[in-house]
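Right, one structure below, let's go through it.
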Amino acid sequence: MELEELASTKVSQPGGSGELSILQLADDWAKYVLRLEGERIEVGSDLAGIKEFVAGLMVRDRLEKALNPDAGDTAPPALVLAVDALYRGCTHKDDHRVLVLLDEDLPTRPWWWERIPASGPLASEFSKQARRLR
């Protein structure tokens with residue numbers, strides 16, 4: 001998909017809250033991953049950081065659906081691949097399946113749902129939750 005097509009293709013937002021272009025969704029994903037990579041997601045209390053982490057993954061879900069509305073196997077544009085690579089670099093495999101243990105209704109696929117932060121306060125919160133859930 002060319003940049004012009006990404007900017008002009010609109011997708012509906014959940015809850016009828018309007019439309020965004022695919023490029024805007026990609027930008028939201030990039031902003032989220034940069035915050036995650038920079039360890040700027042506030043952990044807070046009552047799992048606030050983990051809830052925000054999940055919200056970021058839902059942005060990636062919406063982006064994927066917009067890029068592949070027919071559930072095809074089309075490779076994402078280079079822009080999305082670059083952000084995905086950054087996400088992979090600041091996360092690691094969720095071997096303890098903490099997200100699933102916290103909420104069994106959360107997806108376990110695609111691949112971004114199988115990863116959690118590798119360092120920082122949010123990674124510590126995931127570790128704390130993993131110990132609590134054992």
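By convention in this document, the chains of the structure tokens carry letters A, B, ... by their order, each chain's residues are numbered from 1, and ligands are numbered from 1 in the order they are shown.
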
Practice prompt. Looking only at strand (DSSP E or B) from DSSP on the backbone, list the matching residues of chain A as a VMD selection string.
Written response: chain A and resid 10 to 12 19 to 21 91 to 93 115 to 117

Deliver the residues from the most recent selection as a file, using N, CA, C and O atoms, as a CSV table (one decimal), in the first residue's frame.
```csv
chain,number,residue,atom,x,y,z
A,10,LYS,N,-10.0,5.4,4.9
A,10,LYS,CA,-10.6,5.6,6.2
A,10,LYS,C,-11.2,4.3,6.8
A,10,LYS,O,-11.7,3.5,6.0
A,11,VAL,N,-11.0,4.2,8.1
A,11,VAL,CA,-11.6,3.0,8.8
A,11,VAL,C,-12.4,3.6,10.0
A,11,VAL,O,-12.1,4.6,10.6
A,12,SER,N,-13.5,2.9,10.3
A,12,SER,CA,-14.4,3.3,11.4
A,12,SER,C,-13.7,2.9,12.7
A,12,SER,O,-13.0,1.9,12.8
A,19,GLU,N,-14.0,8.2,12.2
A,19,GLU,CA,-13.1,7.5,11.3
A,19,GLU,C,-11.7,8.1,11.4
A,19,GLU,O,-11.5,9.2,11.7
A,20,LEU,N,-10.7,7.2,11.1
A,20,LEU,CA,-9.3,7.6,11.0
A,20,LEU,C,-8.8,7.0,9.7
A,20,LEU,O,-9.3,5.9,9.2
A,21,SER,N,-7.8,7.6,9.2
A,21,SER,CA,-7.1,6.9,8.0
A,21,SER,C,-6.2,5.8,8.6
A,21,SER,O,-5.8,5.8,9.7
A,91,THR,N,10.3,-5.7,23.6
A,91,THR,CA,9.5,-6.7,24.2
A,91,THR,C,10.1,-8.1,24.1
A,91,THR,O,11.1,-8.3,23.4
A,92,HIS,N,9.6,-9.0,24.8
A,92,HIS,CA,10.0,-10.4,24.7
A,92,HIS,C,8.8,-11.3,24.8
A,92,HIS,O,7.7,-10.9,25.2
A,93,LYS,N,9.0,-12.6,24.5
A,93,LYS,CA,7.9,-13.6,24.5
A,93,LYS,C,7.3,-13.7,25.9
A,93,LYS,O,8.0,-13.7,26.9
A,115,ARG,N,3.7,-11.0,23.3
A,115,ARG,CA,4.9,-10.3,23.8
A,115,ARG,C,4.6,-9.3,24.9
A,115,ARG,O,3.5,-8.8,24.9
A,116,ILE,N,5.5,-9.1,25.8
A,116,ILE,CA,5.4,-8.2,26.9
A,116,ILE,C,6.7,-7.3,27.0
A,116,ILE,O,7.7,-7.8,26.5
A,117,PRO,N,6.6,-6.2,27.7
A,117,PRO,CA,7.8,-5.4,27.8
A,117,PRO,C,9.0,-6.1,28.4
A,117,PRO,O,8.8,-7.0,29.3
```

Contacts of Tyr32 (chain A) at 9 Å or less, counting only C-alpha atoms, minus same-chain residues fewer than 2 places along, as a compact mmCIF listing (two decimals) with N, CA, C and O atoms, in the first residue's frame?
```txt
# COMPACT_ATOMS: atom_id res chain seq x y z
N ASP A 27 0.27 5.79 12.73
CA ASP A 27 0.92 6.81 13.56
C ASP A 27 0.61 6.57 15.04
O ASP A 27 1.49 6.70 15.88
N ASP A 28 -0.63 6.20 15.36
CA ASP A 28 -0.99 5.89 16.75
C ASP A 28 -0.18 4.70 17.26
O ASP A 28 0.28 4.70 18.41
N TRP A 29 -0.02 3.68 16.42
CA TRP A 29 0.78 2.51 16.80
C TRP A 29 2.23 2.94 17.03
O TRP A 29 2.86 2.55 18.02
N ALA A 30 2.76 3.76 16.15
CA ALA A 30 4.14 4.22 16.29
C ALA A 30 4.33 5.04 17.57
O ALA A 30 5.30 4.83 18.31
N LEU A 34 6.79 3.91 20.63
CA LEU A 34 7.86 4.80 21.08
C LEU A 34 7.75 5.10 22.58
O LEU A 34 8.75 5.16 23.28
N ARG A 35 6.53 5.23 23.06
CA ARG A 35 6.34 5.42 24.51
C ARG A 35 6.75 4.16 25.26
O ARG A 35 7.39 4.23 26.31
N LEU A 36 6.38 3.01 24.74
CA LEU A 36 6.73 1.74 25.37
C LEU A 36 8.25 1.55 25.37
O LEU A 36 8.84 1.21 26.40
N GLU A 37 8.87 1.82 24.25
CA GLU A 37 10.32 1.66 24.11
C GLU A 37 11.06 2.63 25.02
O GLU A 37 12.08 2.30 25.61
N ILE A 41 5.39 4.61 29.81
CA ILE A 41 4.02 4.24 30.15
C ILE A 41 3.95 4.16 31.67
O ILE A 41 4.72 3.44 32.30
N PHE A 53 -1.15 -1.00 28.20
CA PHE A 53 -0.42 -1.87 27.29
C PHE A 53 -1.41 -2.61 26.38
O PHE A 53 -1.24 -2.66 25.17
N GLY A 56 -2.83 -0.43 23.71
CA GLY A 56 -1.91 -0.27 22.59
C GLY A 56 -1.95 -1.44 21.63
O GLY A 56 -1.89 -1.26 20.41
N VAL A 59 -4.81 -1.15 19.33
CA VAL A 59 -4.53 -0.25 18.20
C VAL A 59 -3.89 -1.05 17.07
O VAL A 59 -4.27 -0.90 15.90
```

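The protein and nucleic acid residues lying at most 12 Å from Ser124 (chain A) are Glu39, Glu42, Val43, Leu47, Gly49, Ile50, Ile116, Pro117, Ala118, Ser119, Gly120, Pro121, Ser127, Lys128, Gln129, Ala130 and Arg131 of chain A, with only C-alpha atoms considered and sequence neighbours fewer than 3 positions away removed.
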
Practice prompt. Fewer than 6 positions away in the same chain doesn't count, so skip those; otherwise give me all residues within 12 Å of region 65-70 of chain A, counting only C-alpha atoms, as a PyMOL selection string.
Written response: chain A and resi 1-2+5-7+9-13+19-26+58-59+76-77+80+110

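Nearest-residue note for Trp112 (chain A): choosing from A:Lys51, A:Arg60, A:Arg134, A:Arg97, the minimum distance belongs to A:Arg60, counting only C-alpha atoms.
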
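Here CA of Leu86 (chain A) stands at a distance of 24.2 Å from CA of Gly44 (chain A).
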